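Coordinates from upload.cif are shown below (mmCIF, C-alpha atoms and all ligand atoms).
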```cif
data_input
loop_
_atom_site.label_atom_id
_atom_site.label_comp_id
_atom_site.auth_asym_id
_atom_site.auth_seq_id
_atom_site.Cartn_x
_atom_site.Cartn_y
_atom_site.Cartn_z
CA MET A 20 -25.55 -15.29 -11.56
CA ILE A 21 -24.71 -12.07 -9.75
CA ASP A 22 -27.60 -9.64 -9.40
CA PHE A 23 -26.59 -6.18 -8.18
CA SER A 24 -30.11 -4.82 -7.67
CA LEU A 25 -30.97 -4.12 -4.04
CA THR A 26 -33.82 -5.87 -2.28
CA GLU A 27 -36.39 -3.68 -0.51
CA ALA A 28 -34.81 -4.59 2.82
CA ASP A 29 -31.34 -3.60 1.49
CA ALA A 30 -32.75 -0.28 0.30
CA ARG A 31 -34.35 0.40 3.71
CA LEU A 32 -31.02 -0.29 5.42
CA VAL A 33 -29.14 2.00 3.02
CA ALA A 34 -31.70 4.78 3.65
CA LEU A 35 -31.23 4.37 7.42
CA ALA A 36 -27.45 4.50 7.03
CA LYS A 37 -27.68 7.65 4.87
CA GLU A 38 -29.71 9.37 7.59
CA GLU A 39 -27.19 8.37 10.26
CA ALA A 40 -24.27 9.48 8.11
CA ALA A 41 -25.87 12.92 7.62
CA ILE A 42 -26.17 13.35 11.40
CA ALA A 43 -22.66 12.03 12.08
CA HIS A 44 -21.24 14.56 9.55
CA ARG A 45 -21.91 17.28 12.12
CA TYR A 46 -19.35 15.70 14.45
CA ALA A 47 -16.67 15.17 11.83
CA ARG A 48 -14.68 18.35 12.43
CA HIS A 49 -14.96 18.03 16.21
CA TYR A 50 -13.32 14.59 16.24
CA ASP A 51 -10.80 15.67 13.61
CA LEU A 52 -9.64 18.51 15.86
CA SER A 53 -9.73 16.51 19.12
CA GLU A 54 -7.04 14.00 18.30
CA THR A 55 -6.87 12.36 21.70
CA LEU A 56 -10.62 11.68 21.77
CA ILE A 57 -11.94 8.51 20.25
CA GLU A 58 -15.47 8.26 18.92
CA PRO A 59 -18.01 7.67 21.70
CA LEU A 60 -19.79 4.31 21.86
CA GLU A 61 -22.70 6.17 20.32
CA LEU A 62 -23.52 9.74 19.42
CA PRO A 63 -26.32 11.34 21.48
CA GLU A 64 -28.78 11.22 18.56
CA ALA A 65 -28.38 7.44 18.28
CA LYS A 66 -30.60 6.55 21.22
CA ASP A 67 -33.87 7.59 19.49
CA ARG A 68 -33.03 5.87 16.24
CA PRO A 69 -33.07 2.25 15.08
CA ASP A 70 -29.57 0.79 14.89
CA PRO A 71 -28.98 -0.27 11.26
CA LEU A 72 -26.88 -3.27 12.35
CA GLN A 73 -29.68 -4.45 14.62
CA VAL A 74 -32.24 -3.94 11.83
CA LEU A 75 -29.93 -5.93 9.55
CA GLY A 76 -29.88 -8.75 12.11
CA GLU A 77 -33.68 -8.79 12.27
CA THR A 78 -34.29 -8.59 8.52
CA VAL A 79 -31.31 -10.50 7.18
CA ALA A 80 -33.48 -13.08 5.38
CA GLN A 81 -34.99 -10.33 3.20
CA THR A 82 -31.63 -8.75 2.36
CA SER A 83 -29.04 -9.80 -0.22
CA GLY A 84 -27.29 -11.60 2.64
CA ALA A 85 -25.53 -10.58 5.84
CA GLN A 86 -22.14 -9.81 4.26
CA ILE A 87 -23.45 -7.81 1.31
CA ALA A 88 -25.96 -5.87 3.43
CA ASN A 89 -23.28 -5.10 5.99
CA VAL A 90 -20.93 -3.61 3.41
CA LEU A 91 -23.80 -1.62 1.88
CA LEU A 92 -24.02 0.12 5.26
CA VAL A 93 -20.27 0.74 5.40
CA LEU A 94 -20.41 2.32 1.93
CA GLU A 95 -22.50 5.14 3.42
CA PHE A 96 -20.27 6.24 6.33
CA ALA A 97 -17.56 8.74 5.49
CA ASP A 98 -17.13 10.33 8.89
CA PRO A 99 -17.45 9.32 12.54
CA ARG A 100 -20.11 6.69 12.82
CA MET A 101 -23.23 7.10 14.90
CA ARG A 102 -22.22 4.00 16.85
CA ARG A 103 -18.81 2.48 17.37
CA ASN A 104 -18.86 -1.05 15.98
CA GLN A 105 -17.38 -3.29 18.69
CA ALA A 106 -17.57 -6.24 16.32
CA LEU A 107 -14.60 -4.83 14.41
CA GLY A 108 -12.08 -6.17 16.94
CA LEU A 109 -10.14 -8.57 14.72
CA GLY A 110 -8.61 -10.26 17.77
CA SER A 111 -12.11 -11.41 18.76
CA LYS A 112 -12.60 -12.92 15.30
CA ILE A 113 -9.40 -14.93 15.66
CA VAL A 114 -10.42 -16.27 19.06
CA GLU A 115 -13.77 -17.27 17.55
CA ALA A 116 -11.96 -19.03 14.68
CA ASP A 117 -9.05 -20.70 16.50
CA GLY A 118 -9.78 -20.63 20.25
CA SER A 119 -10.78 -23.67 22.30
CA GLU A 120 -14.40 -23.89 23.46
CA GLU A 121 -13.33 -22.67 26.90
CA GLN A 122 -11.50 -19.68 25.40
CA LYS A 123 -14.42 -18.81 23.15
CA GLN A 124 -16.74 -18.80 26.18
CA ARG A 125 -14.35 -16.72 28.27
CA PHE A 126 -13.66 -14.04 25.66
CA ARG A 127 -16.98 -14.03 23.76
CA ASN A 128 -18.27 -10.83 25.34
CA LYS A 129 -14.94 -9.01 25.19
CA THR A 130 -13.69 -6.80 22.40
CA LEU A 131 -10.16 -7.78 21.43
CA ALA A 132 -7.98 -5.66 19.17
CA ILE A 133 -5.20 -7.26 17.15
CA ALA A 134 -1.50 -6.36 17.39
CA ILE A 135 0.80 -7.72 14.71
CA THR A 136 2.63 -4.59 13.52
CA GLU A 137 5.92 -3.50 15.10
CA PRO A 138 8.59 -1.02 14.08
CA GLY A 139 10.18 -2.89 11.16
CA ALA A 140 7.36 -5.45 10.88
CA GLY A 141 4.38 -4.06 8.95
CA SER A 142 3.86 -5.53 5.50
CA ASP A 143 6.00 -8.52 6.41
CA PRO A 144 4.68 -10.10 9.62
CA ARG A 145 7.53 -12.66 9.47
CA SER A 146 9.73 -9.88 10.86
CA VAL A 147 7.80 -9.79 14.15
CA ARG A 148 10.31 -9.66 17.05
CA THR A 149 8.07 -9.57 20.13
CA SER A 150 9.24 -12.58 22.11
CA ALA A 151 7.34 -15.10 24.22
CA ARG A 152 9.19 -17.40 26.66
CA LEU A 153 7.50 -20.05 28.77
CA ASP A 154 8.32 -19.95 32.48
CA PRO A 155 7.98 -23.65 33.40
CA LYS A 156 7.75 -22.85 37.12
CA THR A 157 4.51 -20.92 36.78
CA ASN A 158 3.32 -22.14 33.36
CA GLU A 159 3.11 -18.50 32.33
CA TRP A 160 4.45 -16.91 29.16
CA VAL A 161 6.69 -13.88 29.53
CA LEU A 162 6.28 -11.41 26.67
CA ASN A 163 8.59 -8.57 25.68
CA GLY A 164 8.33 -6.23 22.72
CA GLU A 165 6.77 -3.17 21.15
CA LYS A 166 3.58 -3.02 19.10
CA ILE A 167 2.51 -0.02 17.04
CA TYR A 168 -0.66 1.19 15.30
CA CYS A 169 -3.10 -0.99 17.17
CA SER A 170 -6.65 -0.11 16.08
CA TYR A 171 -9.45 -0.03 18.70
CA PHE A 172 -6.92 -0.62 21.52
CA GLU A 173 -8.26 2.08 23.84
CA GLY A 174 -11.88 1.04 23.45
CA ALA A 175 -11.12 -2.69 23.65
CA ASP A 176 -11.08 -5.01 26.67
CA GLY A 177 -7.81 -6.56 25.59
CA VAL A 178 -5.64 -7.40 22.64
CA LEU A 179 -4.57 -10.46 20.73
CA VAL A 180 -0.79 -10.21 20.39
CA ILE A 181 1.25 -12.09 17.79
CA ALA A 182 4.69 -13.01 19.12
CA ARG A 183 7.63 -15.26 18.33
CA GLY A 184 8.45 -18.29 20.48
CA SER A 185 11.96 -18.55 21.93
CA GLU A 186 12.76 -21.95 20.37
CA GLU A 187 14.68 -21.83 17.07
CA GLY A 188 12.25 -22.04 14.14
CA GLU A 189 9.22 -22.00 16.42
CA LYS A 190 6.01 -20.86 14.76
CA PHE A 191 4.24 -17.68 15.69
CA LEU A 192 2.30 -17.67 18.92
CA ALA A 193 -0.81 -15.69 19.81
CA PHE A 194 -1.94 -14.54 23.24
CA VAL A 195 -4.95 -12.73 24.58
CA ILE A 196 -3.74 -10.03 26.96
CA GLU A 197 -6.46 -8.36 28.94
CA LYS A 198 -6.27 -4.71 29.96
CA GLY A 199 -4.79 -4.33 33.44
CA THR A 200 -2.31 -7.18 33.00
CA PRO A 201 0.99 -6.05 34.60
CA GLY A 202 3.61 -5.40 31.93
CA LEU A 203 1.07 -4.29 29.28
CA VAL A 204 2.11 -0.66 29.07
CA ASP A 205 -0.02 1.42 26.81
CA ALA A 206 1.58 4.43 25.17
CA ARG A 207 -0.45 7.08 23.46
CA GLN A 208 -2.98 7.69 20.73
CA VAL A 209 -0.96 7.84 17.53
CA ARG A 210 -1.01 11.30 15.94
CA LYS A 211 -2.18 10.84 12.39
CA MET A 212 -2.59 12.90 9.25
CA GLY A 213 -6.14 11.60 8.73
CA ILE A 214 -8.87 9.51 10.36
CA ARG A 215 -7.93 11.20 13.62
CA ALA A 216 -10.99 9.88 15.46
CA TRP A 217 -9.83 6.32 14.72
CA ASP A 218 -8.64 4.77 17.98
CA THR A 219 -4.99 3.80 17.23
CA LYS A 220 -2.47 3.13 19.98
CA ASP A 221 1.10 1.95 20.44
CA PHE A 222 2.02 -0.19 23.44
CA PHE A 223 4.88 -2.07 25.06
CA LEU A 224 5.16 -5.49 26.64
CA ARG A 225 7.65 -5.49 29.49
CA ASP A 226 8.01 -8.89 31.14
CA CYS A 227 4.28 -9.20 30.66
CA ARG A 228 3.13 -12.52 32.18
CA VAL A 229 0.29 -14.27 30.43
CA PRO A 230 -1.20 -17.60 31.57
CA GLU A 231 -0.96 -20.59 29.21
CA ALA A 232 -4.78 -20.58 29.21
CA ASN A 233 -4.62 -17.33 27.19
CA ARG A 234 -2.50 -18.78 24.40
CA ILE A 235 -4.61 -19.26 21.28
CA ASP A 236 -3.59 -22.15 19.08
CA VAL A 237 -3.49 -20.18 15.83
CA ASP A 238 -2.53 -21.32 12.40
CA PHE A 239 -0.80 -18.30 10.86
CA LYS A 240 -2.18 -18.84 7.37
CA ARG A 241 -5.70 -19.27 8.72
CA THR A 242 -5.20 -16.25 10.97
CA MET A 243 -4.34 -14.11 7.96
CA ALA A 244 -7.38 -15.51 6.15
CA SER A 245 -9.61 -14.02 8.83
CA PHE A 246 -8.70 -10.61 7.33
CA ASN A 247 -10.37 -11.52 4.06
CA GLY A 248 -13.74 -10.26 5.25
CA ASN A 249 -12.28 -6.99 6.48
CA ARG A 250 -10.43 -5.91 3.36
CA PRO A 251 -13.55 -5.10 1.31
CA ARG A 252 -14.99 -3.30 4.33
CA ILE A 253 -11.92 -1.06 4.42
CA ALA A 254 -12.27 -0.46 0.67
CA ALA A 255 -15.94 0.43 1.28
CA MET A 256 -14.92 3.03 3.88
CA ALA A 257 -12.53 4.54 1.34
CA LEU A 258 -15.29 4.68 -1.25
CA ALA A 259 -17.74 6.32 1.18
CA ILE A 260 -15.27 9.18 1.63
CA SER A 261 -14.53 9.38 -2.10
CA TRP A 262 -18.21 9.62 -2.95
CA ASP A 263 -18.78 12.52 -0.55
CA LEU A 264 -15.81 14.26 -2.09
CA ILE A 265 -17.15 13.81 -5.64
CA GLU A 266 -20.58 15.14 -4.62
CA PHE A 267 -19.03 18.06 -2.76
CA THR A 268 -16.81 18.94 -5.73
CA ARG A 269 -19.73 18.84 -8.15
CA ALA A 270 -21.89 21.00 -5.89
CA GLN A 271 -19.16 23.57 -5.22
CA LEU A 272 -18.15 23.91 -8.84
CA ALA A 273 -21.76 24.19 -10.04
CA GLY A 274 -22.51 26.93 -7.44
CA THR A 275 -25.89 27.65 -5.89
CA GLY A 276 -28.67 30.26 -6.25
CA SER A 277 -27.70 33.19 -8.47
CA ASP A 278 -24.12 31.79 -8.66
CA ALA A 279 -25.30 28.49 -10.20
CA ALA A 280 -23.87 27.79 -13.64
CA PRO A 281 -23.57 24.68 -15.82
CA LEU A 282 -20.26 22.87 -15.40
CA SER A 283 -17.79 23.11 -18.25
CA ALA A 284 -17.51 20.08 -20.54
CA GLU A 285 -14.00 19.46 -19.20
CA ILE A 286 -15.14 19.37 -15.55
CA GLU A 287 -18.16 17.20 -16.45
CA TYR A 288 -15.80 14.78 -18.21
CA ARG A 289 -13.37 14.65 -15.29
CA LEU A 290 -16.16 14.10 -12.75
CA ALA A 291 -17.81 11.44 -14.92
CA ARG A 292 -14.50 9.54 -15.09
CA LEU A 293 -14.17 9.66 -11.32
CA GLU A 294 -17.77 8.49 -10.88
CA ALA A 295 -17.10 5.58 -13.23
CA LEU A 296 -13.95 4.66 -11.29
CA HIS A 297 -15.92 4.82 -8.06
CA GLU A 298 -18.67 2.59 -9.46
CA ALA A 299 -16.15 0.02 -10.74
CA ALA A 300 -14.44 -0.11 -7.34
CA ARG A 301 -17.81 -0.36 -5.57
CA LEU A 302 -18.74 -3.34 -7.74
CA THR A 303 -15.49 -5.14 -6.84
CA VAL A 304 -16.37 -4.66 -3.16
CA LEU A 305 -19.87 -6.08 -3.68
CA ARG A 306 -18.52 -8.95 -5.74
CA SER A 307 -16.00 -9.77 -3.03
CA LYS A 308 -18.75 -9.89 -0.40
CA TRP A 309 -20.90 -12.02 -2.73
CA THR A 310 -17.99 -14.45 -3.07
CA GLU A 311 -17.51 -14.49 0.72
CA GLN A 312 -21.18 -15.34 1.21
CA ARG A 313 -20.95 -18.14 -1.32
CA ASP A 314 -17.56 -19.68 -0.46
CA GLY A 315 -16.83 -18.58 3.13
CA THR A 316 -14.38 -16.02 4.53
CA ALA A 317 -11.29 -18.22 4.49
CA SER A 318 -11.68 -19.62 0.95
CA ALA A 319 -9.03 -19.02 -1.71
CA SER A 320 -11.57 -17.32 -3.99
CA THR A 321 -12.60 -14.89 -1.24
CA MET A 322 -8.95 -14.14 -0.48
CA VAL A 323 -8.32 -13.07 -4.08
CA GLU A 324 -11.54 -11.07 -4.45
CA ALA A 325 -10.94 -9.38 -1.07
CA ALA A 326 -7.38 -8.40 -2.01
CA MET A 327 -8.60 -7.12 -5.40
CA SER A 328 -11.32 -4.99 -3.85
CA LYS A 329 -8.91 -3.56 -1.30
CA ALA A 330 -6.23 -2.77 -3.91
CA ILE A 331 -8.76 -1.21 -6.29
CA GLY A 332 -10.73 0.61 -3.56
CA GLY A 333 -7.62 2.06 -1.90
CA ALA A 334 -6.15 3.23 -5.21
CA ALA A 335 -9.51 4.66 -6.37
CA ALA A 336 -9.80 6.66 -3.14
CA ARG A 337 -6.34 8.15 -3.68
CA GLN A 338 -7.03 9.05 -7.30
CA ILE A 339 -10.51 10.45 -6.65
CA SER A 340 -9.43 12.52 -3.67
CA GLN A 341 -6.37 13.92 -5.47
CA GLU A 342 -8.33 14.86 -8.60
CA CYS A 343 -11.16 16.43 -6.62
CA MET A 344 -8.65 18.54 -4.70
CA ALA A 345 -7.10 19.68 -7.97
CA MET A 346 -10.53 20.66 -9.33
CA LEU A 347 -11.56 22.46 -6.15
CA GLY A 348 -8.60 24.85 -6.15
CA HIS A 349 -8.55 27.08 -3.05
CA LEU A 350 -11.74 25.45 -1.68
CA ALA A 351 -9.75 22.24 -1.31
CA VAL A 352 -7.71 23.56 1.60
CA SER A 353 -10.38 25.60 3.40
CA GLU A 354 -11.19 24.27 6.87
CA GLU A 355 -14.68 25.70 6.41
CA PHE A 356 -15.42 22.50 4.49
CA LEU A 357 -14.64 18.83 5.05
CA ALA A 358 -12.91 18.31 1.69
CA GLU A 359 -9.40 18.78 3.09
CA LYS A 360 -10.22 16.36 5.92
CA TRP A 361 -11.59 13.76 3.50
CA PHE A 362 -8.43 14.12 1.42
CA ARG A 363 -6.29 13.40 4.52
CA ASP A 364 -8.60 10.59 5.62
CA ALA A 365 -8.62 8.82 2.24
CA ARG A 366 -4.85 8.12 2.24
CA ILE A 367 -4.87 5.50 5.00
CA PHE A 368 -7.15 3.11 3.13
CA ASP A 369 -4.33 2.25 0.76
CA ILE A 370 -2.06 1.46 3.75
CA PHE A 371 -3.66 -0.65 6.47
CA GLU A 372 -5.13 -4.14 6.04
CA GLY A 373 -2.36 -4.68 3.51
CA THR A 374 -1.01 -1.82 1.40
CA GLY A 375 -2.03 -1.58 -2.26
CA GLU A 376 1.27 -3.19 -3.28
CA ILE A 377 0.83 -6.12 -0.89
CA ASN A 378 -2.74 -6.76 -2.02
CA ARG A 379 -1.64 -6.69 -5.65
CA LEU A 380 1.05 -9.25 -4.78
CA ILE A 381 -1.62 -11.52 -3.25
CA VAL A 382 -3.71 -11.29 -6.42
CA ALA A 383 -0.70 -11.80 -8.71
CA ARG A 384 0.44 -14.90 -6.82
CA ALA A 385 -3.02 -16.44 -7.04
CA VAL A 386 -3.52 -15.62 -10.72
CA LEU A 387 0.00 -16.63 -11.84
CA GLY A 388 0.38 -19.58 -9.50
CA TYR A 389 3.46 -18.35 -7.60
CA SER A 390 4.27 -18.99 -3.96
CA ALA A 391 5.08 -16.15 -1.54
CA ARG A 392 8.74 -17.20 -1.73
CA GLU A 393 8.72 -16.92 -5.55
CA LEU A 394 6.86 -13.59 -5.68
CA GLY A 395 7.29 -11.55 -2.50
C1 LIG B 401 -4.33 3.94 11.38
C2 LIG B 401 -3.65 2.60 11.35
C3 LIG B 401 -4.25 1.51 12.00
C4 LIG B 401 -3.62 0.26 12.00
N1 LIG B 401 -4.19 -0.79 12.70
C5 LIG B 401 -3.47 -1.93 12.88
C6 LIG B 401 -3.94 -2.95 13.76
O1 LIG B 401 -5.02 -2.87 14.35
N2 LIG B 401 -3.15 -4.04 13.97
C7 LIG B 401 -1.94 -4.19 13.33
O2 LIG B 401 -1.27 -5.19 13.56
N3 LIG B 401 -1.48 -3.25 12.46
C8 LIG B 401 -2.22 -2.11 12.23
N4 LIG B 401 -1.74 -1.14 11.39
C9 LIG B 401 -0.48 -1.34 10.69
C10 LIG B 401 -0.64 -1.52 9.18
O3 LIG B 401 -1.20 -2.78 8.91
C11 LIG B 401 0.75 -1.30 8.56
O4 LIG B 401 1.02 0.08 8.66
C12 LIG B 401 0.78 -1.75 7.12
O5 LIG B 401 0.71 -3.15 7.04
C13 LIG B 401 2.06 -1.28 6.41
O6 LIG B 401 3.18 -1.58 7.17
P1 LIG B 401 4.30 -0.46 7.42
O7 LIG B 401 3.61 0.77 7.90
O8 LIG B 401 5.36 -1.05 8.30
O9 LIG B 401 4.90 -0.14 5.99
P2 LIG B 401 6.01 -1.01 5.23
O10 LIG B 401 5.69 -2.44 5.32
O11 LIG B 401 7.34 -0.55 5.70
O12 LIG B 401 5.78 -0.54 3.74
C14 LIG B 401 6.32 0.69 3.23
C15 LIG B 401 6.06 0.71 1.73
O13 LIG B 401 6.74 -0.39 1.07
C16 LIG B 401 5.83 -1.17 0.32
N5 LIG B 401 6.21 -2.58 0.38
C17 LIG B 401 6.50 -3.31 1.49
N6 LIG B 401 6.79 -4.58 1.16
C18 LIG B 401 6.67 -4.67 -0.17
C19 LIG B 401 6.83 -5.74 -1.13
N7 LIG B 401 7.17 -6.96 -0.75
N8 LIG B 401 6.62 -5.48 -2.43
C20 LIG B 401 6.26 -4.23 -2.84
N9 LIG B 401 6.09 -3.17 -1.99
C21 LIG B 401 6.29 -3.39 -0.68
C22 LIG B 401 4.48 -0.94 0.98
O14 LIG B 401 3.42 -1.19 0.08
C23 LIG B 401 4.56 0.52 1.38
O15 LIG B 401 4.24 1.36 0.29
C24 LIG B 401 -2.39 0.10 11.32
C25 LIG B 401 -1.80 1.19 10.66
C26 LIG B 401 -2.40 2.41 10.68
C27 LIG B 401 -1.72 3.57 9.99
#
```
Show the structure stored in the file as structure tokens.
Amino acid sequence: MIDFSLTEADARLVALAKEEAAIAHRYARHYDLSETLIEPLELPEAKDRPDPLQVLGETVAQTSGAQIANVLLVLEFADPRMRRNQALGLGSKIVEADGSEEQKQRFRNKTLAIAITEPGAGSDPRSVRTSARLDPKTNEWVLNGEKIYCSYFEGADGVLVIARGSEEGEKFLAFVIEKGTPGLVDARQVRKMGIRAWDTKDFFLRDCRVPEANRIDVDFKRTMASFNGNRPRIAAMALAISWDLIEFTRAQLAGTGSDAAPLSAEIEYRLARLEALHEAARLTVLRSKWTEQRDGTASASTMVEAAMSKAIGGAAARQISQECMAMLGHLAVSEEFLAEKWFRDARIFDIFEGTGEINRLIVARAVLGYSARELG
């Protein structure tokens, strides 16, 4: 039986996260305007405050569980976070899942980004063209290609690159490439419409030599399953932004002091519908994390729930942000407020970690019993 009431420990964590989010808000415009800067490891105010993730680690037994409590924290952060979460490096997760014991030891304390996407290979990773050829003389792999939109690249110690072997029909290969490896040529921070503080880089591989010891023996299907836990987190980020936008819209339209006036029935109705949409999406995120706790990250049930929460969360963020902007009128575009930034930020959550369309395909295949070949 699912119980959505928070434990006392959950509620304490949420309160901590709300306080941190309120402080981090002050930095939101700064990092929006300074596109080449990535968020610092922690904001100055963080050092005198308990770290919610650490508190979660210490009190996990009293919470609703590590996964649910973690996403409850994410649901509170709309803007730059007080602390950059190094654990988000998806490359590190894949090494933990598929690496040998020796590789796990060697890379355990490193943050590894993940690079699958290339020009022409986004939603369909089968189109990846980055090549890997084994040089039998040195037992090194020689990689060539271009990767784009790599999250956390600048702040990471290295990157897990997905490439194609040179043999006909060879499966995908994965390599850990550490920063400083000759031939790993990093380009620039990608200029983006929104989430400008989000570390996102393009890079090239030019005859980049990687030792065989850095090849991770991945299973592509299992590799993709390691994203299951991240999809609801991304949806939660989208919902954090949407909620701030709803609250801002309500406050602006109601006015303050002598300007305060009851909202019209039409505006109340429109806001109530958006709040209901937000709550429904939030519940799909919590349900997905509940399923993950029960069945594990790579299970088929978690895959479907995760894709559902991402599809619903991403679409809800788009709808909520668009309708709030329409209600706000000229206030929507004023840089005096964060609404226009939140509107720009919200769009990405329906794109990365699988676009809305791709996540709906995943759900449809599972529900209708089709293979990727039959419904793709
Ligand atoms: C800020 C940011 C950070 C990112 N971080 C990373 C990262 O760390 N690592 C990484 O590897 N990638 C990363 N990405 C890439 C991201 O995963 C891709 O942008 C995403 O998968 C979409 O791919 P695409 O941009 O090539 O769009 P396309 O795949 O070209 O899609 C274009 C449109 O077509 C639709 N579409 C595509 N195929 C289908 C289909 N079969 N059926 C129906 N509709 C379809 C899509 O839904 C979309 O609307 C990041 C992207 C951004 C913007």
When you look at Gly213 (chain A) with a cut-off of 10 Å (counting only C-alpha atoms), what residues show up, excluding the ones that are within fewer than 5 positions of it in the same chain? I need them as a count of residues only. 11
I'd like to know which of A:Ala385, A:Leu350, A:Leu179, A:Val161 is closest to Asp226 (chain A), using all atoms listed in the file. A:Val161
Excluding Arg269 (chain A) and any residue of its chain fewer than 2 positions from it, enumerate the residues within 9 Å of it, using all atoms listed in the file, and give them as an NGL selection string. :A and (264-267 or 271-274 or 282 or 286-287 or 290)
May I ask for the distance between CA of Leu347 (chain A) and atom C25 of ligand LIG 401 (chain B), given in Å to one decimal place? 28.8 Å
Separation of atom N2 of ligand LIG 401 (chain B) from CA of Glu197 (chain A) in Å: 15.9 Å
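Closest approach to Ala41 (chain A) from the set A:Leu91, A:Ala28, A:Ala97, A:Ala345 is made by A:Ala97, with distances taken over only C-alpha atoms.
In this structure, CA of Arg301 (chain A) sits 24.7 Å away from atom N2 of ligand LIG 401 (chain B).
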Excluding Phe23 (chain A) and any residue of its chain fewer than 5 positions from it, enumerate the residues within 9 Å of it, using all atoms listed in the file, and give them as a ChimeraX atom specification. /A:302,305-306
Within 9 Å of ligand LIG 401 (chain B), counting only C-alpha atoms and all ligand atoms: which residues, as a PyMOL selection string? chain A and resi 108-110+132-144+166-172+180-181+209+211+213-215+217-220+367-380+394-395
Would you save the residues from that selection as a short mmCIF file (atom, residue, chain, number, x, y, z; two decimals), in the frame of the given file, using C-alpha atoms?
```cif
data_model
loop_
_atom_site.label_atom_id
_atom_site.label_comp_id
_atom_site.auth_asym_id
_atom_site.auth_seq_id
_atom_site.Cartn_x
_atom_site.Cartn_y
_atom_site.Cartn_z
CA GLY A 108 -12.08 -6.17 16.94
CA LEU A 109 -10.14 -8.57 14.72
CA GLY A 110 -8.61 -10.26 17.77
CA ALA A 132 -7.98 -5.66 19.17
CA ILE A 133 -5.20 -7.26 17.15
CA ALA A 134 -1.50 -6.36 17.39
CA ILE A 135 0.80 -7.72 14.71
CA THR A 136 2.63 -4.59 13.52
CA GLU A 137 5.92 -3.50 15.10
CA PRO A 138 8.59 -1.02 14.08
CA GLY A 139 10.18 -2.89 11.16
CA ALA A 140 7.36 -5.45 10.88
CA GLY A 141 4.38 -4.06 8.95
CA SER A 142 3.86 -5.53 5.50
CA ASP A 143 6.00 -8.52 6.41
CA PRO A 144 4.68 -10.10 9.62
CA LYS A 166 3.58 -3.02 19.10
CA ILE A 167 2.51 -0.02 17.04
CA TYR A 168 -0.66 1.19 15.30
CA CYS A 169 -3.10 -0.99 17.17
CA SER A 170 -6.65 -0.11 16.08
CA TYR A 171 -9.45 -0.03 18.70
CA PHE A 172 -6.92 -0.62 21.52
CA VAL A 180 -0.79 -10.21 20.39
CA ILE A 181 1.25 -12.09 17.79
CA VAL A 209 -0.96 7.84 17.53
CA LYS A 211 -2.18 10.84 12.39
CA GLY A 213 -6.14 11.60 8.73
CA ILE A 214 -8.87 9.51 10.36
CA ARG A 215 -7.93 11.20 13.62
CA TRP A 217 -9.83 6.32 14.72
CA ASP A 218 -8.64 4.77 17.98
CA THR A 219 -4.99 3.80 17.23
CA LYS A 220 -2.47 3.13 19.98
CA ILE A 367 -4.87 5.50 5.00
CA PHE A 368 -7.15 3.11 3.13
CA ASP A 369 -4.33 2.25 0.76
CA ILE A 370 -2.06 1.46 3.75
CA PHE A 371 -3.66 -0.65 6.47
CA GLU A 372 -5.13 -4.14 6.04
CA GLY A 373 -2.36 -4.68 3.51
CA THR A 374 -1.01 -1.82 1.40
CA GLY A 375 -2.03 -1.58 -2.26
CA GLU A 376 1.27 -3.19 -3.28
CA ILE A 377 0.83 -6.12 -0.89
CA ASN A 378 -2.74 -6.76 -2.02
CA ARG A 379 -1.64 -6.69 -5.65
CA LEU A 380 1.05 -9.25 -4.78
CA LEU A 394 6.86 -13.59 -5.68
CA GLY A 395 7.29 -11.55 -2.50
#
```
Within 8 Å of His297 (chain A) using all atoms listed in the file, minus same-chain residues under 5 positions, as JSON, numbers by chain: {"A": [258, 261, 262, 335, 339]}
Can you pull out the residues contacting Gly199 (chain A)? Cut-off 12 Å, using all atoms listed in the file, and skip same-chain residues under 6 positions away; I want them as a PyMOL selection string. chain A and resi 175-178+205+227-229
Nearest-residue call for Glu231 (chain A), choices A:Asn158, A:Ser53, A:Gln208, A:Thr200, using all atoms listed in the file: A:Asn158
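Minimum distance to Ala80 (chain A) across A:Thr26, A:Asn249, A:Ser119, A:Ser353 (counting all atoms listed in the file) occurs at A:Thr26.
Distances from A:Val382, A:Met256, A:Ala291, A:Ala36 to Pro69 (chain A) were compared using all atoms listed in the file, and the smallest one belongs to A:Ala36.
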Can you sort out the box for region 156-171 of chain A, edges along x, y and z, all listed atoms in, 3 Å on every side, with centre and edge lengths in Å to one decimal, as lines of an AutoDock Vina configuration file?
```
center_x = -0.4
center_y = -10.8
center_z = 26.2
size_x = 24.0
size_y = 30.0
size_z = 27.8
```
Go through A:Thr55, A:Ser307, A:Ser150, A:Thr78 one by one, measure the shortest atom-to-atom distance of each to Arg210 (chain A) using only C-alpha atoms, and give the residue with the smallest value. A:Thr55
